[in-house]
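Structure file start.cif; described as mmCIF, C-alpha atoms.
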data_final
#
loop_
_atom_site.label_atom_id
_atom_site.label_comp_id
_atom_site.auth_asym_id
_atom_site.auth_seq_id
_atom_site.Cartn_x
_atom_site.Cartn_y
_atom_site.Cartn_z
CA MET A 1 6.86 -15.20 12.88
CA ALA A 2 4.80 -15.82 16.02
CA LEU A 3 4.68 -12.06 16.51
CA LEU A 4 3.35 -11.67 12.98
CA ARG A 5 0.66 -14.31 13.51
CA ALA A 6 -0.50 -12.71 16.77
CA ALA A 7 -0.57 -9.26 15.20
CA THR A 8 -2.50 -10.59 12.22
CA THR A 9 -5.14 -12.03 14.54
CA GLN A 10 -5.41 -8.73 16.43
CA ALA A 11 -5.66 -6.80 13.16
CA ALA A 12 -8.53 -9.00 12.05
CA GLN A 13 -10.35 -8.28 15.32
CA ASN A 14 -9.89 -4.54 14.82
CA ALA A 15 -10.80 -4.52 11.13
CA ASP A 16 -14.55 -4.06 11.52
CA ALA A 17 -14.02 -1.04 13.76
CA ALA A 18 -11.74 0.58 11.21
CA ARG A 19 -14.29 0.02 8.46
CA THR A 20 -17.06 1.84 10.33
CA VAL A 21 -15.88 5.30 9.21
CA GLN A 22 -18.68 6.67 7.06
CA PRO A 23 -17.89 10.01 5.38
CA SER A 24 -20.02 12.21 3.17
CA SER A 25 -17.72 11.44 0.23
CA MET A 26 -20.15 9.99 -2.29
CA GLY A 27 -19.08 10.65 -5.83
CA LYS A 28 -15.36 10.70 -5.05
CA SER A 29 -12.93 8.20 -6.48
CA VAL A 30 -9.77 6.29 -5.58
CA VAL A 31 -7.28 4.49 -7.78
CA ILE A 32 -5.48 1.64 -6.00
CA VAL A 33 -2.11 1.18 -7.68
CA ASN A 34 -0.44 -2.24 -7.50
CA THR A 35 2.85 -3.78 -8.54
CA SER A 36 3.13 -5.71 -11.78
CA ALA A 37 6.31 -7.46 -10.65
CA GLY A 38 5.93 -11.16 -9.98
CA SER A 39 9.54 -11.75 -8.98
CA MET A 40 12.49 -10.00 -7.35
CA GLY A 41 15.99 -11.37 -7.67
CA GLY A 42 14.60 -14.68 -8.84
CA GLY A 43 12.25 -15.02 -5.86
CA PRO A 44 8.47 -14.91 -6.34
CA THR A 45 6.57 -11.88 -5.11
CA GLY A 46 3.66 -9.63 -6.11
CA VAL A 47 0.98 -7.62 -4.34
CA TRP A 48 0.25 -8.56 -0.73
CA LEU A 49 -3.40 -9.41 -1.23
CA SER A 50 -4.87 -7.97 1.96
CA GLU A 51 -3.24 -4.63 1.19
CA LEU A 52 -5.40 -4.48 -1.93
CA ALA A 53 -8.52 -6.25 -0.69
CA ASP A 54 -8.91 -4.44 2.64
CA PRO A 55 -8.93 -0.88 1.21
CA TYR A 56 -10.89 -2.04 -1.86
CA TYR A 57 -13.87 -3.05 0.26
CA ALA A 58 -13.46 -0.24 2.79
CA PHE A 59 -13.62 2.36 0.01
CA GLN A 60 -16.61 0.71 -1.61
CA ALA A 61 -18.44 0.60 1.72
CA ALA A 62 -17.79 4.34 2.10
CA GLY A 63 -19.39 5.07 -1.26
CA LEU A 64 -16.18 5.74 -3.16
CA GLU A 65 -15.64 4.67 -6.75
CA VAL A 66 -12.66 2.30 -6.86
CA THR A 67 -10.39 1.58 -9.81
CA VAL A 68 -7.70 -1.10 -9.64
CA ALA A 69 -4.54 -0.19 -11.54
CA SER A 70 -1.01 -1.50 -11.90
CA VAL A 71 2.32 -0.35 -13.26
CA ALA A 72 2.07 -2.38 -16.46
CA GLY A 73 -1.69 -2.94 -16.61
CA GLY A 74 -3.33 -6.32 -17.01
CA ALA A 75 -3.02 -9.20 -14.57
CA ILE A 76 -1.59 -8.34 -11.15
CA PRO A 77 0.63 -11.04 -9.57
CA ILE A 78 -0.23 -12.05 -6.00
CA ASP A 79 2.40 -12.95 -3.43
CA ALA A 80 1.46 -16.56 -2.65
CA ASN A 81 2.47 -16.08 0.99
CA SER A 82 -0.38 -13.61 1.40
CA MET A 83 -2.87 -16.36 0.57
CA GLY A 84 -1.74 -18.69 3.34
CA ASP A 85 -2.68 -18.83 7.03
CA PRO A 86 -2.82 -16.65 9.00
CA TYR A 87 -2.53 -13.86 6.42
CA PHE A 88 -5.40 -14.81 4.13
CA GLY A 89 -8.03 -12.72 5.91
CA ASP A 90 -11.77 -12.41 5.40
CA GLN A 91 -11.56 -9.53 2.94
CA ALA A 92 -8.85 -11.25 0.89
CA LYS A 93 -10.95 -14.43 0.73
CA LYS A 94 -13.99 -12.40 -0.25
CA PHE A 95 -11.94 -10.67 -2.96
CA MET A 96 -10.87 -13.95 -4.55
CA HIS A 97 -14.50 -15.14 -4.69
CA ASP A 98 -15.80 -11.82 -6.01
CA GLN A 99 -16.17 -11.97 -9.79
CA LYS A 100 -15.97 -8.19 -10.21
CA ALA A 101 -12.92 -7.91 -7.96
CA VAL A 102 -11.07 -10.74 -9.69
CA GLY A 103 -11.94 -9.15 -13.02
CA ALA A 104 -10.34 -5.91 -11.84
CA LEU A 105 -7.30 -7.85 -10.61
CA THR A 106 -6.77 -9.67 -13.90
CA HIS A 107 -7.59 -6.70 -16.14
CA SER A 108 -6.12 -3.82 -14.18
CA VAL A 109 -5.79 -0.38 -15.72
CA LYS A 110 -2.28 0.76 -16.65
CA VAL A 111 -1.00 3.63 -14.56
CA GLU A 112 -0.78 6.97 -16.35
CA ALA A 113 0.22 10.40 -15.10
CA SER A 114 -3.08 11.83 -16.35
CA MET A 115 -4.89 9.89 -13.62
CA ALA A 116 -4.05 12.78 -11.30
CA ASP A 117 -6.93 14.70 -12.87
CA ALA A 118 -9.38 11.81 -12.70
CA PHE A 119 -9.10 10.62 -9.09
CA ASP A 120 -9.38 12.18 -5.65
CA CYS A 121 -6.90 9.76 -4.12
CA VAL A 122 -3.94 7.75 -5.37
CA TYR A 123 -3.46 4.74 -3.09
CA LEU A 124 -0.31 2.61 -3.35
CA ALA A 125 -0.85 -0.98 -2.19
CA GLY A 126 2.12 -3.00 -0.99
CA GLY A 127 3.98 -6.24 -1.49
CA HIS A 128 7.68 -6.76 -2.19
CA GLY A 129 6.95 -6.43 -5.90
CA CYS A 130 6.88 -2.68 -5.27
CA CYS A 131 10.63 -2.86 -4.68
CA VAL A 132 10.98 -3.76 -8.35
CA ASP A 133 8.63 -1.49 -10.30
CA PHE A 134 7.62 1.36 -7.97
CA VAL A 135 11.10 2.82 -8.58
CA GLY A 136 13.34 3.20 -11.61
CA GLY A 137 12.38 3.30 -15.25
CA ALA A 138 9.30 1.11 -14.84
CA ALA A 139 7.86 3.68 -12.43
CA LYS A 140 8.05 6.68 -14.76
CA GLU A 141 4.28 7.11 -15.07
CA LEU A 142 3.69 6.25 -11.41
CA LYS A 143 6.22 8.87 -10.30
CA ALA A 144 4.58 11.48 -12.51
CA LEU A 145 1.14 10.51 -11.20
CA VAL A 146 2.13 10.76 -7.54
CA GLU A 147 3.90 14.08 -8.04
CA ALA A 148 0.97 15.59 -9.97
CA ALA A 149 -1.66 14.31 -7.55
CA PHE A 150 0.28 15.58 -4.54
CA ALA A 151 0.84 19.00 -6.13
CA LYS A 152 -2.89 19.28 -6.86
CA GLY A 153 -3.69 18.63 -3.21
CA LYS A 154 -5.14 15.20 -3.91
CA ILE A 155 -4.75 12.52 -1.25
CA VAL A 156 -1.70 10.31 -1.78
CA ALA A 157 -1.64 7.20 0.41
CA ALA A 158 0.74 4.25 0.59
CA ASP A 159 0.86 1.14 2.77
CA CYS A 160 3.70 -1.25 3.70
CA HIS A 161 5.95 -1.47 0.60
CA GLY A 162 3.71 0.95 -1.30
CA PRO A 163 5.81 3.87 0.00
CA MET A 164 8.56 2.67 -2.36
CA GLY A 165 6.58 4.71 -4.88
CA LEU A 166 7.36 7.90 -2.92
CA LEU A 167 11.15 7.53 -2.76
CA GLU A 168 11.92 9.08 -6.14
CA CYS A 169 9.16 11.71 -6.13
CA SER A 170 9.96 15.39 -5.80
CA VAL A 171 8.15 18.68 -5.41
CA GLY A 172 9.82 21.93 -6.39
CA GLY A 173 13.16 20.18 -6.77
CA ALA A 174 13.10 18.68 -3.27
CA PRO A 175 12.08 15.19 -2.17
CA LEU A 176 8.31 15.02 -1.81
CA VAL A 177 8.68 13.55 1.69
CA LYS A 178 11.26 16.05 2.99
CA GLY A 179 10.20 17.30 6.41
CA LEU A 180 7.07 15.14 6.46
CA GLU A 181 6.21 12.36 8.90
CA VAL A 182 6.11 9.07 7.05
CA THR A 183 6.14 5.38 7.80
CA ALA A 184 6.61 2.14 5.85
CA PHE A 185 7.59 -1.49 6.37
CA THR A 186 10.43 -1.24 8.87
CA ASN A 187 13.88 -2.79 8.94
CA ILE A 188 12.99 -5.00 11.88
CA GLU A 189 9.88 -6.24 10.08
CA GLU A 190 11.98 -7.11 7.03
CA ASP A 191 14.27 -9.05 9.34
CA GLN A 192 11.47 -10.83 11.19
CA ALA A 193 9.90 -11.74 7.84
CA GLY A 194 13.19 -13.32 6.79
CA ALA A 195 13.59 -10.83 3.93
CA THR A 196 16.64 -8.81 4.98
CA GLU A 197 19.19 -10.48 2.69
CA TRP A 198 16.70 -10.65 -0.18
CA VAL A 199 15.99 -6.92 0.07
CA LYS A 200 19.67 -6.06 0.62
CA ALA A 201 20.60 -7.88 -2.60
CA ASN A 202 17.84 -6.46 -4.77
CA SER A 203 16.42 -3.22 -3.34
CA VAL A 204 16.74 -0.73 -0.50
CA PHE A 205 15.40 -0.45 3.04
CA MET A 206 12.69 2.19 3.10
CA GLU A 207 13.31 3.16 6.70
CA ASP A 208 16.88 4.13 5.80
CA GLU A 209 16.01 5.78 2.49
CA PHE A 210 13.31 8.04 3.93
CA ALA A 211 15.74 9.25 6.59
CA LYS A 212 18.28 10.07 3.85
CA LEU A 213 15.60 12.09 2.03
CA GLY A 214 14.95 14.24 5.10
CA ALA A 215 11.63 12.68 6.04
CA VAL A 216 10.68 12.18 9.68
CA PHE A 217 10.34 8.40 9.83
CA LYS A 218 7.93 7.22 12.52
CA LYS A 219 7.37 3.56 13.33
CA GLY A 220 5.09 1.59 15.56
CA ASP A 221 5.80 -1.77 17.12
CA PRO A 222 6.41 -4.53 14.56
CA TRP A 223 3.25 -6.02 13.03
CA THR A 224 0.93 -3.50 14.68
CA SER A 225 -1.26 -0.92 12.98
CA HIS A 226 0.50 2.41 12.50
CA VAL A 227 -0.44 5.30 10.21
CA CYS A 228 1.17 8.71 9.63
CA LYS A 229 -0.75 11.70 8.27
CA ALA A 230 1.13 14.71 6.90
CA GLY A 231 -1.19 17.04 5.06
CA ASN A 232 -2.45 15.22 1.98
CA LEU A 233 0.10 12.41 2.40
CA ILE A 234 -0.95 9.29 4.33
CA THR A 235 1.45 6.39 4.91
CA ALA A 236 1.02 3.09 6.74
CA GLN A 237 3.53 0.60 8.10
CA ASN A 238 2.47 -2.96 7.28
CA PRO A 239 -0.39 -5.32 6.34
CA GLN A 240 -1.93 -4.84 9.79
CA SER A 241 -2.28 -1.12 8.96
CA ALA A 242 -4.36 -1.55 5.79
CA ASP A 243 -7.73 -0.90 7.41
CA ALA A 244 -6.49 2.10 9.37
CA CYS A 245 -4.84 3.52 6.25
CA ALA A 246 -8.08 3.17 4.31
CA ALA A 247 -10.01 4.76 7.19
CA ALA A 248 -7.61 7.73 7.18
CA VAL A 249 -8.18 8.19 3.45
CA ILE A 250 -11.94 8.03 3.88
CA GLU A 251 -11.78 10.62 6.65
CA ALA A 252 -9.58 12.89 4.54
CA LEU A 253 -12.02 12.71 1.62
CA ALA A 254 -15.09 13.43 3.79
#

Would you kindly transcribe this structure into structure tokens?
Amino acid sequence: MALLRAATTQAAQNADAARTVQPSSMGKSVVIVNTSAGSMGGGPTGVWLSELADPYYAFQAAGLEVTVASVAGGAIPIDANSMGDPYFGDQAKKFMHDQKAVGALTHSVKVEASMADAFDCVYLAGGHGCCVDFVGGAAKELKALVEAAFAKGKIVAADCHGPMGLLECSVGGAPLVKGLEVTAFTNIEEDQAGATEWVKANSVFMEDEFAKLGAVFKKGDPWTSHVCKAGNLITAQNPQSADACAAAVIEALA
């Protein structure tokens, strides 16, 4: 975990630089989709707060209209670990003291496939809760939204465990990610976070699943910022990548 703490400190130092991207994208909109799952296999989970808060403020600063959504709508559960040191960063703290942001968190919009027509970007925030409801029956509308947005040439972005929402998506009968460079929370990061057995018992390892789907999985060093761009698909590896992922979206929408 020392590696994670050091990387978190470095990510905080780099955050301001990532947020300086200023596109001519006024009038465009992003929906940030979050998990509604507060537990997995009996263990508490939820959204990893910085993976919502960091892009939320980066998009607002860039002049984008931001809507906070979730699989089930309503209150979004927060992974309590993301609100402890050293992970509870400046933007996450700001978010929890921001009346409008907390209102969006507690009264999130329910994901619907029709959102593909309403937004310029669909952004999938992370947290282990995504392992529960970004796949399977609960993800029916999310899957349809991602597929429709991607087919329309809209930006689809996903960070950390957010890429779980890409695993079951297809285009023209083939996996959406086939042949594309992607990244996500890696196997070694699951292990270093102490989550390997938890994930093994209740979900899948994204690194392995993307390889099975024919994607070109690219990974950076554990707990360092790493983003892949493949046309209108943008994926990021971990919490330390949230700012860079948001910056890539802002650049793509410019």

Skipping near chain neighbours, those fewer than 5 positions away, what residues fall within 9 Å of A:Phe205 using only C-alpha atoms, listed as a ChimeraX atom specification? /A:185-187,190,196,199-200,210

Mind dumping the selected residues with C-alpha atoms as a tab-separated table (two decimals), in the frame of the given file?
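Wrote it out as out.tsv, contents follow:
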chain	number	residue	atom	x	y	z
A	185	PHE	CA	7.59	-1.49	6.37
A	186	THR	CA	10.43	-1.24	8.87
A	187	ASN	CA	13.88	-2.79	8.94
A	190	GLU	CA	11.98	-7.11	7.03
A	196	THR	CA	16.64	-8.81	4.98
A	199	VAL	CA	15.99	-6.92	0.07
A	200	LYS	CA	19.67	-6.06	0.62
A	210	PHE	CA	13.31	8.04	3.93

Any chance you could tabulate, as CSV, the residues of stretch 60-114 of chain A at most 10 Å from stretch 132-143 of chain A with each one's nearest atom pair and distance in Å to one decimal, using all atoms listed in the file, in chain and rising number order?
residue,atom,partner,partner_atom,distance
A:Ser70,CA,A:Leu142,CA,9.1
A:Val71,CA,A:Ala139,CA,6.9
A:Ala72,CA,A:Ala138,CA,8.2
A:Lys110,CA,A:Glu141,CA,9.3
A:Val111,CA,A:Leu142,CA,6.2
A:Glu112,CA,A:Glu141,CA,5.2
A:Ala113,CA,A:Glu141,CA,5.2
A:Ser114,CA,A:Glu141,CA,8.8

Can you list, as JSON, numbers by chain, every protein, DNA or RNA residue that comes within 8 Å of stretch 115-131 of chain A when you count only C-alpha atoms, leaving out same-chain residues fewer than 6 positions away? {"A": [28, 29, 30, 31, 32, 33, 34, 35, 36, 37, 38, 39, 40, 45, 46, 47, 48, 51, 52, 79, 145, 146, 148, 149, 152, 154, 155, 156, 157, 158, 159, 160, 161, 162, 163, 164, 165, 203, 204, 249, 253]}

Please, what distance in Å, to one decimal, runs between atom CA of A:Gly42 and atom CA of A:Gln192?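 Between these atoms lies a distance of 20.6 Å.
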
I need the output of the PyMOL selection byres ((chain A and resi 63) around 8) for this file as a PyMOL selection string; which residues are they? chain A and resi 25-28+59-62+64-65

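The closest residue to A:Gly73, picked from A:Val109, A:Ala92, A:Ala193, A:Asn232 and counting all atoms listed in the file, is A:Val109.
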
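Nearest to A:Ala184 of all the residues A:Phe150, A:Glu168, A:Ala201, A:Val227 is A:Val227, based on only C-alpha atoms.
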
Test item: residues at most 6 Å from A:His226, all atoms listed in the file, excluding those fewer than 3 positions along its chain, as a list in words: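 Residues meeting the cut-off are Gly220, Ala236, Gln237 and Ser241 of chain A.
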
With distances taken over only C-alpha atoms, the candidate from A:Ala254, A:Ala104, A:Phe88, A:Thr235 nearest A:Val66 is A:Ala104

Calculate, to one decimal in Å, the centre and edge lengths of the box along x, y and z of the file that holds all listed atoms of stretch 122-136 of chain A with 5 Å of margin on each side, and present them as JSON.
{"center_x": 4.7, "center_y": 0.5, "center_z": -6.3, "size_x": 27.3, "size_y": 24.5, "size_z": 20.6}

For A:Pro44, which of A:Trp198, A:His107, A:Leu176, A:Val68 is the closest residue, counting all atoms listed in the file? A:Trp198

For the structure shown, which residues end up in the PyMOL selection byres ((chain A and resi 96-100) around 12)? Put them as JSON, numbers by chain, please? {"A": [49, 50, 52, 53, 56, 57, 66, 67, 68, 78, 83, 88, 89, 90, 91, 92, 93, 94, 95, 101, 102, 103, 104, 105, 106, 107, 108]}

Using only C-alpha atoms, please write the residues we just selected to a file, as a PDB file, in the frame of the given file.
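What ended up in selection-v4.pdb:
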ATOM      1  CA  LEU A  49      -3.400  -9.410  -1.230  1.00  0.00           C
ATOM      2  CA  SER A  50      -4.870  -7.970   1.960  1.00  0.00           C
ATOM      3  CA  LEU A  52      -5.400  -4.480  -1.930  1.00  0.00           C
ATOM      4  CA  ALA A  53      -8.520  -6.250  -0.690  1.00  0.00           C
ATOM      5  CA  TYR A  56     -10.890  -2.040  -1.860  1.00  0.00           C
ATOM      6  CA  TYR A  57     -13.870  -3.050   0.260  1.00  0.00           C
ATOM      7  CA  VAL A  66     -12.660   2.300  -6.860  1.00  0.00           C
ATOM      8  CA  THR A  67     -10.390   1.580  -9.810  1.00  0.00           C
ATOM      9  CA  VAL A  68      -7.700  -1.100  -9.640  1.00  0.00           C
ATOM     10  CA  ILE A  78      -0.230 -12.050  -6.000  1.00  0.00           C
ATOM     11  CA  MET A  83      -2.870 -16.360   0.570  1.00  0.00           C
ATOM     12  CA  PHE A  88      -5.400 -14.810   4.130  1.00  0.00           C
ATOM     13  CA  GLY A  89      -8.030 -12.720   5.910  1.00  0.00           C
ATOM     14  CA  ASP A  90     -11.770 -12.410   5.400  1.00  0.00           C
ATOM     15  CA  GLN A  91     -11.560  -9.530   2.940  1.00  0.00           C
ATOM     16  CA  ALA A  92      -8.850 -11.250   0.890  1.00  0.00           C
ATOM     17  CA  LYS A  93     -10.950 -14.430   0.730  1.00  0.00           C
ATOM     18  CA  LYS A  94     -13.990 -12.400  -0.250  1.00  0.00           C
ATOM     19  CA  PHE A  95     -11.940 -10.670  -2.960  1.00  0.00           C
ATOM     20  CA  ALA A 101     -12.920  -7.910  -7.960  1.00  0.00           C
ATOM     21  CA  VAL A 102     -11.070 -10.740  -9.690  1.00  0.00           C
ATOM     22  CA  GLY A 103     -11.940  -9.150 -13.020  1.00  0.00           C
ATOM     23  CA  ALA A 104     -10.340  -5.910 -11.840  1.00  0.00           C
ATOM     24  CA  LEU A 105      -7.300  -7.850 -10.610  1.00  0.00           C
ATOM     25  CA  THR A 106      -6.770  -9.670 -13.900  1.00  0.00           C
ATOM     26  CA  HIS A 107      -7.590  -6.700 -16.140  1.00  0.00           C
ATOM     27  CA  SER A 108      -6.120  -3.820 -14.180  1.00  0.00           C
TER      28      SER A 108
END

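You can rank A:Leu180, A:Val171, A:Ile188, A:Ala252 by their closest distance to A:Ala215 using all atoms listed in the file, and at the top of that list sits A:Leu180.
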
Compare A:Ala144, A:Leu166, A:Ser82, A:Ala69 by their minimum atom-to-atom distance to A:Leu233, counting only C-alpha atoms, and give me the closest one. A:Leu166

Please, what distance in Å, to one decimal, runs between atom CA of A:Pro55 and atom CA of A:Glu251? 13.0 Å

Write stretch 108-141 of chain A as a short mmCIF file (atom, residue, chain, number, x, y, z; two decimals), keeping the file's coordinate frame, completed to N, CA and C atoms.
data_model
loop_
_atom_site.label_atom_id
_atom_site.label_comp_id
_atom_site.auth_asym_id
_atom_site.auth_seq_id
_atom_site.Cartn_x
_atom_site.Cartn_y
_atom_site.Cartn_z
N SER A 108 -6.35 -5.13 -14.80
CA SER A 108 -6.12 -3.82 -14.18
C SER A 108 -5.77 -2.76 -15.22
N VAL A 109 -6.07 -1.53 -14.86
CA VAL A 109 -5.79 -0.38 -15.72
C VAL A 109 -4.31 0.00 -15.60
N LYS A 110 -3.70 0.34 -16.68
CA LYS A 110 -2.28 0.76 -16.65
C LYS A 110 -2.16 2.17 -16.08
N VAL A 111 -1.23 2.33 -15.18
CA VAL A 111 -1.00 3.63 -14.56
C VAL A 111 -0.56 4.66 -15.59
N GLU A 112 -1.17 5.84 -15.50
CA GLU A 112 -0.78 6.97 -16.35
C GLU A 112 -0.78 8.24 -15.51
N ALA A 113 0.12 9.15 -15.85
CA ALA A 113 0.22 10.40 -15.10
C ALA A 113 -1.08 11.19 -15.12
N SER A 114 -1.83 11.07 -16.21
CA SER A 114 -3.08 11.83 -16.35
C SER A 114 -4.14 11.43 -15.34
N MET A 115 -3.93 10.32 -14.65
CA MET A 115 -4.89 9.89 -13.62
C MET A 115 -5.00 10.90 -12.48
N ALA A 116 -4.02 11.77 -12.36
CA ALA A 116 -4.05 12.78 -11.30
C ALA A 116 -5.27 13.69 -11.44
N ASP A 117 -5.75 13.86 -12.65
CA ASP A 117 -6.93 14.70 -12.87
C ASP A 117 -8.23 13.94 -12.64
N ALA A 118 -8.16 12.62 -12.71
CA ALA A 118 -9.38 11.81 -12.70
C ALA A 118 -9.76 11.28 -11.33
N PHE A 119 -8.82 11.25 -10.38
CA PHE A 119 -9.10 10.62 -9.09
C PHE A 119 -8.82 11.58 -7.94
N ASP A 120 -9.55 11.36 -6.85
CA ASP A 120 -9.38 12.18 -5.65
C ASP A 120 -8.30 11.63 -4.73
N CYS A 121 -7.95 10.37 -4.93
CA CYS A 121 -6.90 9.76 -4.12
C CYS A 121 -6.12 8.75 -4.95
N VAL A 122 -4.82 8.78 -4.80
CA VAL A 122 -3.94 7.75 -5.37
C VAL A 122 -3.43 6.93 -4.20
N TYR A 123 -3.76 5.63 -4.21
CA TYR A 123 -3.46 4.74 -3.09
C TYR A 123 -2.50 3.65 -3.56
N LEU A 124 -1.33 3.56 -2.94
CA LEU A 124 -0.31 2.61 -3.35
C LEU A 124 -0.34 1.40 -2.43
N ALA A 125 -0.83 0.27 -2.95
CA ALA A 125 -0.85 -0.98 -2.19
C ALA A 125 0.55 -1.57 -2.14
N GLY A 126 0.78 -2.49 -1.20
CA GLY A 126 2.12 -3.00 -0.99
C GLY A 126 2.39 -4.39 -1.53
N GLY A 127 3.43 -4.98 -0.99
CA GLY A 127 3.98 -6.24 -1.49
C GLY A 127 5.41 -5.98 -1.96
N HIS A 128 6.28 -6.97 -1.81
CA HIS A 128 7.68 -6.76 -2.19
C HIS A 128 7.86 -6.48 -3.68
N GLY A 129 6.86 -6.77 -4.48
CA GLY A 129 6.95 -6.43 -5.90
C GLY A 129 7.17 -4.95 -6.12
N CYS A 130 6.70 -4.13 -5.16
CA CYS A 130 6.88 -2.68 -5.27
C CYS A 130 8.36 -2.30 -5.29
N CYS A 131 9.20 -3.13 -4.68
CA CYS A 131 10.63 -2.86 -4.68
C CYS A 131 11.22 -2.91 -6.09
N VAL A 132 10.50 -3.58 -6.99
CA VAL A 132 10.98 -3.76 -8.35
C VAL A 132 10.49 -2.67 -9.29
N ASP A 133 9.18 -2.39 -9.26
CA ASP A 133 8.63 -1.49 -10.30
C ASP A 133 7.95 -0.22 -9.78
N PHE A 134 8.08 0.06 -8.47
CA PHE A 134 7.62 1.36 -7.97
C PHE A 134 8.76 2.36 -7.96
N VAL A 135 9.92 1.95 -8.45
CA VAL A 135 11.10 2.82 -8.58
C VAL A 135 11.74 2.53 -9.94
N GLY A 136 12.61 3.42 -10.36
CA GLY A 136 13.34 3.20 -11.61
C GLY A 136 12.52 3.48 -12.84
N GLY A 137 13.03 3.02 -13.97
CA GLY A 137 12.38 3.30 -15.25
C GLY A 137 10.96 2.81 -15.36
N ALA A 138 10.66 1.67 -14.77
CA ALA A 138 9.30 1.11 -14.84
C ALA A 138 8.28 2.02 -14.16
N ALA A 139 8.75 2.85 -13.23
CA ALA A 139 7.86 3.68 -12.43
C ALA A 139 7.70 5.10 -12.98
N LYS A 140 8.10 5.33 -14.20
CA LYS A 140 8.05 6.68 -14.76
C LYS A 140 6.66 7.30 -14.66
N GLU A 141 5.65 6.57 -15.11
CA GLU A 141 4.28 7.11 -15.07
C GLU A 141 3.76 7.20 -13.63
#
